[in-house]
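The structure appears right after this line, and notes come after that.
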4 protein chains.
Amino acid sequence: MVASVGIVGASGYGGAELLRLLLGHPGLEVEVVAAHSQAGEPITGLFPNLPGNRVFDAVDLGRLAELDLVFLSTPHGPSLDLGAALHDAGVRTVDLSGAFRLSPADFATWYGEAHPRPDLVPAVYGLPEFNRKQVADATLVANPGCYVTTALLGLIPLAGLLEPGSVVVDGKSGTSGAGRAAKDSLHSTHVFGSVTAYGAPGHRHTGEIEAHLAGFGEDLGPISFTPHLMPIARGLLTTSYAGLRPGVTADQVQSALADTFADEPFVHVLAPGTFPVVKSVVGSNGCRLSAFVDERTNRVTVVSVTDNLGKGAAGQALQNANLMLGLDETTALTAIGMYP
Amino acid sequence: MVASVGIVGASGYGGAELLRLLLGHPGLEVEVVAAHSQAGEPITGLFPNLPGNRVFDAVDLGRLAELDLVFLSTPHGPSLDLGAALHDAGVRTVDLSGAFRLSPADFATWYGEAHPRPDLVPAVYGLPEFNRKQVADATLVANPGCYVTTALLGLIPLAGLLEPGSVVVDGKSGTSGAGRAAKDSLHSTHVFGSVTAYGAPGHRHTGEIEAHLAGFGEDLGPISFTPHLMPIARGLLTTSYAGLRPGVTADQVQSALADTFADEPFVHVLAPGTFPVVKSVVGSNGCRLSAFVDERTNRVTVVSVTDNLGKGAAGQALQNANLMLGLDETTALTAIGMYP
Amino acid sequence: MVASVGIVGASGYGGAELLRLLLGHPGLEVEVVAAHSQAGEPITGLFPNLPGNRVFDAVDLGRLAELDLVFLSTPHGPSLDLGAALHDAGVRTVDLSGAFRLSPADFATWYGEAHPRPDLVPAVYGLPEFNRKQVADATLVANPGCYVTTALLGLIPLAGLLEPGSVVVDGKSGTSGAGRAAKDSLHSTHVFGSVTAYGAPGHRHTGEIEAHLAGFGEDLGPISFTPHLMPIARGLLTTSYAGLRPGVTADQVQSALADTFADEPFVHVLAPGTFPVVKSVVGSNGCRLSAFVDERTNRVTVVSVTDNLGKGAAGQALQNANLMLGLDETTALTAIGMYP
Amino acid sequence: MVASVGIVGASGYGGAELLRLLLGHPGLEVEVVAAHSQAGEPITGLFPNLPGNRVFDAVDLGRLAELDLVFLSTPHGPSLDLGAALHDAGVRTVDLSGAFRLSPADFATWYGEAHPRPDLVPAVYGLPEFNRKQVADATLVANPGCYVTTALLGLIPLAGLLEPGSVVVDGKSGTSGAGRAAKDSLHSTHVFGSVTAYGAPGHRHTGEIEAHLAGFGEDLGPISFTPHLMPIARGLLTTSYAGLRPGVTADQVQSALADTFADEPFVHVLAPGTFPVVKSVVGSNGCRLSAFVDERTNRVTVVSVTDNLGKGAAGQALQNANLMLGLDETTALTAIGMYP
């Protein structure tokens, strides 16, 4: 009983990481590995870790519609079309782009365009720690953004303890989060030995954090989010700051986090004062986080790490797919990063 | 007319960077290069960029007292003793440690010990952009901390526009800021490909930012500060978030920064939307910063970069020394980083 | 039918990588995770990718002797004692150090000491691509050195085509190959942005390459080997140069490599002109290599990559252990590196 | 008496490094900063370390012909045209490309095209340690390649001691040596944590090493050269291996190197057993090298480091220009790298 799956957008980093994970999955057969512009080219030419003669497939909707599940690792433009078509054909789909994560109104605000299929959004948001039943039953799952996953895992459990309007999220990501396009700003010569901010204040993950913090926790109003580019290939850390509501104690903060994730296979809460290390989760679907309360400022700070291609993209997509296909949620996934 | 100077603590990174800068200085002769535990060892053994046969000197207070100026690049413990002794001997001194930066009360809070010479603190704080006359006249100058310099250059000009109690500073530093001691957490194998937070909420630079933001700008109350370790050797970026007072506009923010630094040789304000890049200042005494206002949150975000060993330590120390010795402030310094 | 295994020296990088691999092995139960100096300490304190409460065990020979197989990831000194004791107790053992890789005479030459148990050396050399039957039957297996594995996989198939006395091996390794000890030369601040040679001409892997090139291929006389430290955590590349015997063609070279590894799961030969990339094998037990012949010089150059902790240490150790325990050689191993 | 200079190709790394150096030169005024495709664009947009409003100039031969000296930092194609035109106009020129480094026959071999101006080649080769008088008198100087400079400084003094046909040069370079073009292979995400070989055996620097080793030392026949890409922005290390002629001793080797460079300001010979570190020369015009003799193989190994943009390109170009203009050869140059 092996299910058939396909990847569209496999020439990007998220798609290739999905392929790497799926090649080790005992219950899924990757029948389609499609890439619009690379069709016919050998996969190993782009991803030398994947040896062999397999080539990228063309994007063929008819072929995709015969599969048990499709992963869309395309930009939000192609995803809008493909996701809608697959939905209409009844094909279970996990979309890794921002195409289906927001309500029509929020989509218009953050993406600057009207959503072509307002009936489909927001799709079920693929954050299994908070809604695995809905994911299991969904046809179309919107896989969360990398910064968003990392920040929300630390903020949702605390939402009821935080002052509205006080949330600041400072994000630090490896360069793979910026995609494969050869840009001057991503040239190795410029990135080595350097760090910079980018994309603020209009980065689309801002609205996504706000929307799903409201959805899974409480509406805490607009947040400030500034992403930064780190000189590493993969890995992501968010440092979230928020004011505490009157009377909230450090024990309450720690309990809220520890209780939420006590039985979770991929999210581990560290003791206050122990800071998570990005490399501890690189290559995995794990998230590590810890929080500390500063009584001087009455603020809590939550530091959270993921692999932006793991729990921040492909790993979580597979976690969602496992749920949608009735498999053990952890199949072919690990919480153990490659360290050192 | 060449002045004589000495460095104590030259086996550390700050001291070695001072030596590198001073070797190119036409008006200063480095007569003493002292290091407690390395006395007699060749300098090039620790710093292979510095060829030749010179060895580290022993720390000899009598010898130091004959110099025109002494740089103390020692930890705050030895600096407390040496700085006081040199002050009492009337020797102009720039101390790069935290020994003389805070009032007795603040020192007790953040360093956990009573200051042994409350009559000397706070010493003149060596941030020449805001007090170059006081620096020029001082006997003992407390050279600011690296995170503090970087954050304050962006925050002081805006202090009157900001809401008290709203300031969050997120710092990202290269590993040289953590010193030369061989620790497991600084082992290259662990740091490559990784990022982590550390030291919060009690990092001593927190109190230093608060005290001198109050001193040069306005007292904005306690701030939240979280430092992070980046996988680079040198360079530092701070991202500072603060609420704006009612009615403050983006133009006011930009003007406050641009006007403050219009004639400064080392601090450059970029246009809003242009983010400074750490490597643009590495190897230099420069600082680049830019700010943007987010009307959704009514917050301003200031991003600022320095070289933690340059404007964050040795460069600024030399800038202060130039002023103290009546030299052109920019001698042997540059605002141009080594890029790429 | 799960076999019981133990690791001694688990606080080092090789031991920790073994533990990471073994935690994903369906047929092996890790009953002992011992570390001399860290006994009682939580494993996650040293290796934050390994969450949970497990602590390092003490080294207890009696306990080890009850296991089905023991991995020794200790320096050669402790390995000499432990390996001999386990051998005498009839316990199957894979030793990752240099303790049992050389004949008594070679050991004396390269390690500067008489081998205490000349009856045991050279033990079966754990390079399964060339002697998997011997490995399967062995009680004590000497796991090859990282540089040695990487170079030999490219040189052994060509040995009969090469001029004696002409072999030069230039090695480039990540810092994890130099071990966990906190040394100034491995401090991240020094290693970032830098490259250096070290250890030549007396590096012990020199003699190991010579001995086993003779053993599995032909005696080509003394070789020149210079290792270099790269600014990466893990991964290794060797560039081997050798003169060709008269009349040897490029086709012969390519065929010799391709034929040798045609059915190997972990070693892939690339087309001439395609250079292997270190990161394509990092995190895996894979090796990629390619060779080119330069008619101007009548030399062949072989470029080969492995993960120094994978095929260069823990991965190959597990490959050997799988063989020794009658399991599928590839269990819990992959040839697919984590890329990007 | 300030001389006027211009840079063509200033949008590349070599050109920008020249500009950085020239901005600190008291005797040269940079009147033209030209870049073909970037004319009119602000320099700081490409090189954020260079603040201010200056824009790239168009390439105007008439304007260049009025200058005292022109640096061509263009690819060899444009350099062939510009260098010839400037030569014919009698303008002193330092060309950083390969356009004028080889004889017509060698140029045809390694560049695959007939040289359009065989009367001009080989131009005076700008390796001042071996021909500073010729450089001082030259109109057109061919600035050596980065790998070539680094290797030749170690090999030329030893040429008479080495066996013909035995030389192997293994090169390791930072990514800036591969230029600014945004290629997939130079994308930071691919280069982080990785190392690879490239370009062998036909890399053009091979022929350049051979030709000038013959010219300044002895003809040692064809050499093997394999370049590698390191995960650093700048810096270069060559490891050169060669057989020793009968009877040559380690003392002779060390003396040949030490004597050659005893009075050189930029080249420092380290003691045998001390390996040079790339970062010790990054940002400088320095070269550090050391050699060791292995009696087992009767080979010498020379390890040499430079900054590929310093002594390997812009630094050496300025050193040549200083000579050509009658200035102190070391003006605006240093042998001290930025370390750490």
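Residues in the structure tokens are named by chain (A, B, ... in the order shown) and by number from 1 within that chain; ligands are numbered from 1 in the order shown.
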
Find the residues near B:Arg204: any atom within 8 Å, counting only C-alpha atoms, skip ones fewer than 4 places away on the same chain, and give them as number ranges by chain.
B: 110-111, 208

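Set the cut-off at 7 Å, count only C-alpha atoms, and the residues of chain C near chain D turn out to be Thr189, His190, Gly193, Ser194, Val195, Thr196, Ala197, Tyr198, Pro201, Pro222, Ile223, Ser224, Pro231, Ile232, Phe275, Pro276, Val277, Val278, Lys279, Asp294, Arg296, Thr297 and Pro340 of chain C.
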
Just write the chosen residues, N, CA, C and O atoms, as an mmCIF file, in the first residue's frame.
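That gives us result36.cif:
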data_model
loop_
_atom_site.group_PDB
_atom_site.id
_atom_site.type_symbol
_atom_site.label_atom_id
_atom_site.label_comp_id
_atom_site.auth_asym_id
_atom_site.auth_seq_id
_atom_site.Cartn_x
_atom_site.Cartn_y
_atom_site.Cartn_z
ATOM 1 N N THR C 189 37.035 32.375 15.453
ATOM 2 C CA THR C 189 37.484 33.690 15.001
ATOM 3 C C THR C 189 38.712 33.589 14.098
ATOM 4 O O THR C 189 38.905 34.417 13.213
ATOM 5 N N HIS C 190 39.512 32.558 14.317
ATOM 6 C CA HIS C 190 40.717 32.406 13.493
ATOM 7 C C HIS C 190 40.431 31.647 12.208
ATOM 8 O O HIS C 190 41.095 31.856 11.191
ATOM 9 N N GLY C 193 36.996 32.561 7.286
ATOM 10 C CA GLY C 193 37.653 33.314 6.231
ATOM 11 C C GLY C 193 39.102 32.928 6.021
ATOM 12 O O GLY C 193 39.844 33.677 5.397
ATOM 13 N N SER C 194 39.512 31.759 6.497
ATOM 14 C CA SER C 194 40.914 31.405 6.366
ATOM 15 C C SER C 194 41.080 29.949 5.920
ATOM 16 O O SER C 194 40.142 29.156 5.964
ATOM 17 N N VAL C 195 42.258 29.646 5.473
ATOM 18 C CA VAL C 195 42.652 28.316 5.029
ATOM 19 C C VAL C 195 44.113 28.170 5.420
ATOM 20 O O VAL C 195 44.872 29.145 5.356
ATOM 21 N N THR C 196 44.491 26.977 5.826
ATOM 22 C CA THR C 196 45.903 26.779 6.108
ATOM 23 C C THR C 196 46.275 25.315 5.912
ATOM 24 O O THR C 196 45.408 24.451 5.879
ATOM 25 N N ALA C 197 47.558 25.063 5.734
ATOM 26 C CA ALA C 197 48.072 23.696 5.726
ATOM 27 C C ALA C 197 48.510 23.351 7.142
ATOM 28 O O ALA C 197 48.690 24.227 7.986
ATOM 29 N N TYR C 198 48.673 22.077 7.392
ATOM 30 C CA TYR C 198 49.142 21.654 8.719
ATOM 31 C C TYR C 198 49.689 20.234 8.638
ATOM 32 O O TYR C 198 49.371 19.488 7.709
ATOM 33 N N PRO C 201 55.324 17.121 6.815
ATOM 34 C CA PRO C 201 55.101 15.902 6.044
ATOM 35 C C PRO C 201 54.865 14.674 6.904
ATOM 36 O O PRO C 201 54.743 13.584 6.351
ATOM 37 N N PRO C 222 56.810 5.696 -1.396
ATOM 38 C CA PRO C 222 56.408 6.799 -0.524
ATOM 39 C C PRO C 222 55.610 7.849 -1.299
ATOM 40 O O PRO C 222 55.890 8.126 -2.462
ATOM 41 N N ILE C 223 54.620 8.388 -0.645
ATOM 42 C CA ILE C 223 53.804 9.450 -1.254
ATOM 43 C C ILE C 223 54.014 10.747 -0.485
ATOM 44 O O ILE C 223 54.495 10.755 0.648
ATOM 45 N N SER C 224 53.630 11.831 -1.134
ATOM 46 C CA SER C 224 53.613 13.134 -0.460
ATOM 47 C C SER C 224 52.170 13.464 -0.112
ATOM 48 O O SER C 224 51.300 13.387 -0.982
ATOM 49 N N PRO C 231 37.521 26.208 6.076
ATOM 50 C CA PRO C 231 36.542 26.832 6.977
ATOM 51 C C PRO C 231 35.144 26.242 6.792
ATOM 52 O O PRO C 231 34.201 26.952 6.425
ATOM 53 N N ILE C 232 35.018 24.970 7.044
ATOM 54 C CA ILE C 232 33.725 24.283 7.067
ATOM 55 C C ILE C 232 33.761 23.309 8.239
ATOM 56 O O ILE C 232 34.840 22.925 8.702
ATOM 57 N N PHE C 275 33.393 17.887 -11.535
ATOM 58 C CA PHE C 275 34.131 17.818 -10.276
ATOM 59 C C PHE C 275 33.177 17.599 -9.113
ATOM 60 O O PHE C 275 32.151 18.282 -9.022
ATOM 61 N N PRO C 276 33.502 16.694 -8.222
ATOM 62 C CA PRO C 276 32.609 16.462 -7.093
ATOM 63 C C PRO C 276 32.642 17.626 -6.111
ATOM 64 O O PRO C 276 33.663 18.298 -5.948
ATOM 65 N N VAL C 277 31.514 17.833 -5.470
ATOM 66 C CA VAL C 277 31.297 18.944 -4.558
ATOM 67 C C VAL C 277 31.178 18.387 -3.141
ATOM 68 O O VAL C 277 30.387 17.468 -2.916
ATOM 69 N N VAL C 278 31.955 18.927 -2.224
ATOM 70 C CA VAL C 278 31.959 18.368 -0.869
ATOM 71 C C VAL C 278 30.555 18.273 -0.289
ATOM 72 O O VAL C 278 30.162 17.250 0.283
ATOM 73 N N LYS C 279 29.777 19.343 -0.460
ATOM 74 C CA LYS C 279 28.476 19.359 0.221
ATOM 75 C C LYS C 279 27.513 18.321 -0.334
ATOM 76 O O LYS C 279 26.496 18.028 0.289
ATOM 77 N N ASP C 294 45.778 14.361 -17.959
ATOM 78 C CA ASP C 294 46.360 15.508 -18.651
ATOM 79 C C ASP C 294 47.488 14.991 -19.545
ATOM 80 O O ASP C 294 48.536 14.551 -19.048
ATOM 81 N N ARG C 296 49.457 16.522 -21.449
ATOM 82 C CA ARG C 296 50.673 17.332 -21.429
ATOM 83 C C ARG C 296 51.679 16.823 -20.401
ATOM 84 O O ARG C 296 52.892 16.865 -20.621
ATOM 85 N N THR C 297 51.157 16.422 -19.262
ATOM 86 C CA THR C 297 52.045 16.006 -18.171
ATOM 87 C C THR C 297 52.057 14.491 -17.998
ATOM 88 O O THR C 297 52.846 13.980 -17.207
ATOM 89 N N PRO C 340 21.078 21.788 -0.370
ATOM 90 C CA PRO C 340 22.221 22.657 -0.049
ATOM 91 C C PRO C 340 22.448 22.764 1.421
ATOM 92 O O PRO C 340 22.056 23.118 2.273
#

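For the pair atom CA of D:Phe107 and atom CA of D:Lys311, the interatomic distance is 23.2 Å.
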
Residues of stretch 74-207 of chain A classed as alpha helix (DSSP H) by DSSP on the backbone are to be reported as a PyMOL selection string.
chain A and resi 76-88+104-111+128-137+146-155+188-191+204-207

Would you save the residues of that selection, restricted to N, CA and C atoms, as a tab-separated table (two decimals), in the first residue's frame?
chain	number	residue	atom	x	y	z
A	76	HIS	N	4.10	31.71	-5.54
A	76	HIS	CA	2.66	31.78	-5.29
A	76	HIS	C	1.85	31.97	-6.58
A	77	GLY	N	2.46	32.53	-7.59
A	77	GLY	CA	1.73	32.70	-8.85
A	77	GLY	C	1.32	31.37	-9.47
A	78	PRO	N	2.28	30.54	-9.82
A	78	PRO	CA	1.91	29.22	-10.34
A	78	PRO	C	1.08	28.41	-9.35
A	79	SER	N	1.35	28.57	-8.07
A	79	SER	CA	0.59	27.80	-7.08
A	79	SER	C	-0.89	28.16	-7.11
A	80	LEU	N	-1.18	29.43	-7.33
A	80	LEU	CA	-2.59	29.82	-7.38
A	80	LEU	C	-3.32	29.00	-8.45
A	81	ASP	N	-2.72	28.89	-9.60
A	81	ASP	CA	-3.36	28.13	-10.68
A	81	ASP	C	-3.38	26.63	-10.39
A	82	LEU	N	-2.22	26.09	-10.07
A	82	LEU	CA	-2.13	24.65	-9.89
A	82	LEU	C	-2.92	24.17	-8.68
A	83	GLY	N	-2.84	24.93	-7.61
A	83	GLY	CA	-3.55	24.53	-6.40
A	83	GLY	C	-5.05	24.51	-6.62
A	84	ALA	N	-5.54	25.51	-7.32
A	84	ALA	CA	-6.98	25.55	-7.59
A	84	ALA	C	-7.39	24.40	-8.50
A	85	ALA	N	-6.59	24.16	-9.53
A	85	ALA	CA	-6.93	23.08	-10.46
A	85	ALA	C	-6.91	21.72	-9.76
A	86	LEU	N	-5.90	21.51	-8.92
A	86	LEU	CA	-5.83	20.22	-8.22
A	86	LEU	C	-6.98	20.09	-7.21
A	87	HIS	N	-7.28	21.18	-6.54
A	87	HIS	CA	-8.42	21.16	-5.62
A	87	HIS	C	-9.69	20.79	-6.36
A	88	ASP	N	-9.90	21.41	-7.50
A	88	ASP	CA	-11.13	21.15	-8.25
A	88	ASP	C	-11.17	19.71	-8.75
A	104	PRO	N	-8.90	36.37	1.76
A	104	PRO	CA	-8.86	37.25	0.59
A	104	PRO	C	-8.41	38.68	0.93
A	105	ALA	N	-8.91	39.20	2.03
A	105	ALA	CA	-8.55	40.58	2.37
A	105	ALA	C	-7.07	40.69	2.71
A	106	ASP	N	-6.59	39.77	3.53
A	106	ASP	CA	-5.16	39.81	3.89
A	106	ASP	C	-4.28	39.55	2.67
A	107	PHE	N	-4.72	38.65	1.82
A	107	PHE	CA	-3.94	38.37	0.62
A	107	PHE	C	-3.79	39.64	-0.23
A	108	ALA	N	-4.89	40.34	-0.38
A	108	ALA	CA	-4.85	41.59	-1.15
A	108	ALA	C	-3.88	42.59	-0.52
A	109	THR	N	-3.91	42.65	0.80
A	109	THR	CA	-3.04	43.62	1.49
A	109	THR	C	-1.56	43.27	1.30
A	110	TRP	N	-1.21	42.02	1.47
A	110	TRP	CA	0.20	41.66	1.54
A	110	TRP	C	0.78	41.23	0.20
A	111	TYR	N	-0.08	40.78	-0.71
A	111	TYR	CA	0.43	40.35	-2.01
A	111	TYR	C	0.07	41.34	-3.11
A	128	PRO	N	0.69	21.37	12.18
A	128	PRO	CA	0.04	20.21	12.80
A	128	PRO	C	-0.02	20.26	14.32
A	129	GLU	N	0.93	20.92	14.94
A	129	GLU	CA	0.93	20.95	16.40
A	129	GLU	C	-0.35	21.60	16.94
A	130	PHE	N	-1.03	22.38	16.08
A	130	PHE	CA	-2.22	23.07	16.55
A	130	PHE	C	-3.50	22.64	15.83
A	131	ASN	N	-3.39	21.87	14.78
A	131	ASN	CA	-4.62	21.51	14.05
A	131	ASN	C	-4.44	20.24	13.23
A	132	ARG	N	-3.90	19.22	13.84
A	132	ARG	CA	-3.61	18.04	13.03
A	132	ARG	C	-4.87	17.34	12.53
A	133	LYS	N	-5.96	17.46	13.23
A	133	LYS	CA	-7.18	16.84	12.72
A	133	LYS	C	-7.65	17.52	11.44
A	134	GLN	N	-7.64	18.83	11.44
A	134	GLN	CA	-8.07	19.55	10.23
A	134	GLN	C	-7.13	19.24	9.06
A	135	VAL	N	-5.87	19.14	9.35
A	135	VAL	CA	-4.93	18.80	8.29
A	135	VAL	C	-5.24	17.41	7.73
A	136	ALA	N	-5.48	16.48	8.62
A	136	ALA	CA	-5.73	15.10	8.19
A	136	ALA	C	-6.94	15.03	7.26
A	137	ASP	N	-7.90	15.90	7.47
A	137	ASP	CA	-9.13	15.85	6.67
A	137	ASP	C	-9.10	16.76	5.45
A	146	CYS	N	8.47	29.94	6.47
A	146	CYS	CA	9.55	29.50	7.36
A	146	CYS	C	9.66	30.39	8.60
A	147	TYR	N	9.72	31.71	8.39
A	147	TYR	CA	9.77	32.60	9.56
A	147	TYR	C	8.52	32.43	10.42
A	148	VAL	N	7.39	32.25	9.74
A	148	VAL	CA	6.10	32.19	10.44
A	148	VAL	C	6.04	30.97	11.34
A	149	THR	N	6.40	29.82	10.79
A	149	THR	CA	6.42	28.60	11.60
A	149	THR	C	7.28	28.79	12.85
A	150	THR	N	8.45	29.32	12.63
A	150	THR	CA	9.42	29.42	13.73
A	150	THR	C	8.93	30.36	14.81
A	151	ALA	N	8.37	31.48	14.39
A	151	ALA	CA	7.87	32.45	15.37
A	151	ALA	C	6.60	31.95	16.04
A	152	LEU	N	5.67	31.41	15.25
A	152	LEU	CA	4.38	31.03	15.81
A	152	LEU	C	4.49	29.90	16.83
A	153	LEU	N	5.39	28.96	16.62
A	153	LEU	CA	5.52	27.87	17.58
A	153	LEU	C	5.85	28.42	18.96
A	154	GLY	N	6.55	29.52	19.03
A	154	GLY	CA	6.84	30.13	20.32
A	154	GLY	C	5.77	31.09	20.80
A	155	LEU	N	5.04	31.70	19.89
A	155	LEU	CA	4.10	32.75	20.30
A	155	LEU	C	2.69	32.24	20.56
A	188	SER	N	28.02	34.52	-3.33
A	188	SER	CA	28.79	34.10	-2.16
A	188	SER	C	29.82	35.14	-1.74
A	189	THR	N	30.44	35.79	-2.70
A	189	THR	CA	31.48	36.76	-2.36
A	189	THR	C	30.93	37.90	-1.51
A	190	HIS	N	29.67	38.22	-1.70
A	190	HIS	CA	29.08	39.32	-0.93
A	190	HIS	C	28.55	38.86	0.42
A	191	VAL	N	28.10	37.62	0.48
A	191	VAL	CA	27.44	37.13	1.69
A	191	VAL	C	28.45	36.62	2.72
A	204	ARG	N	6.03	39.75	3.55
A	204	ARG	CA	4.71	39.10	3.59
A	204	ARG	C	4.51	38.18	4.78
A	205	HIS	N	5.61	37.72	5.37
A	205	HIS	CA	5.45	36.86	6.54
A	205	HIS	C	4.89	37.64	7.73
A	206	THR	N	4.99	38.96	7.69
A	206	THR	CA	4.44	39.78	8.78
A	206	THR	C	2.94	39.53	8.92
A	207	GLY	N	2.24	39.70	7.82
A	207	GLY	CA	0.80	39.50	7.85
A	207	GLY	C	0.42	38.06	8.16

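The neighbours of A:Thr74 here are the residues that come within 10 Å of it, using only C-alpha atoms and leaving out any residue fewer than 6 positions away in the same chain; they are A:Ile7, A:Val8, A:Gly9, A:Ala10, A:Ser11, A:Gly12, A:Gly14, A:Gly15, A:Ala35, A:His36, A:Leu80, A:Leu82, A:Asp95, A:Leu96, A:Ser97, A:Gly98, A:Ala99.
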
For stretch 327-330 of chain B, please output as a PyMOL selection string all residues within 10 Å (counting only C-alpha atoms; exclusion window: fewer than 2 positions along the same chain).
chain B and resi 27-28+128+132+136+265-266+285+315-316+318-325+332-335

Env of stretch 213-218 of chain B: 7 Å cut, atoms = only C-alpha atoms, seq-sep filter 6 positions within chain, self excluded. Answer as number ranges by chain.
B: 152, 156-157, 159-160
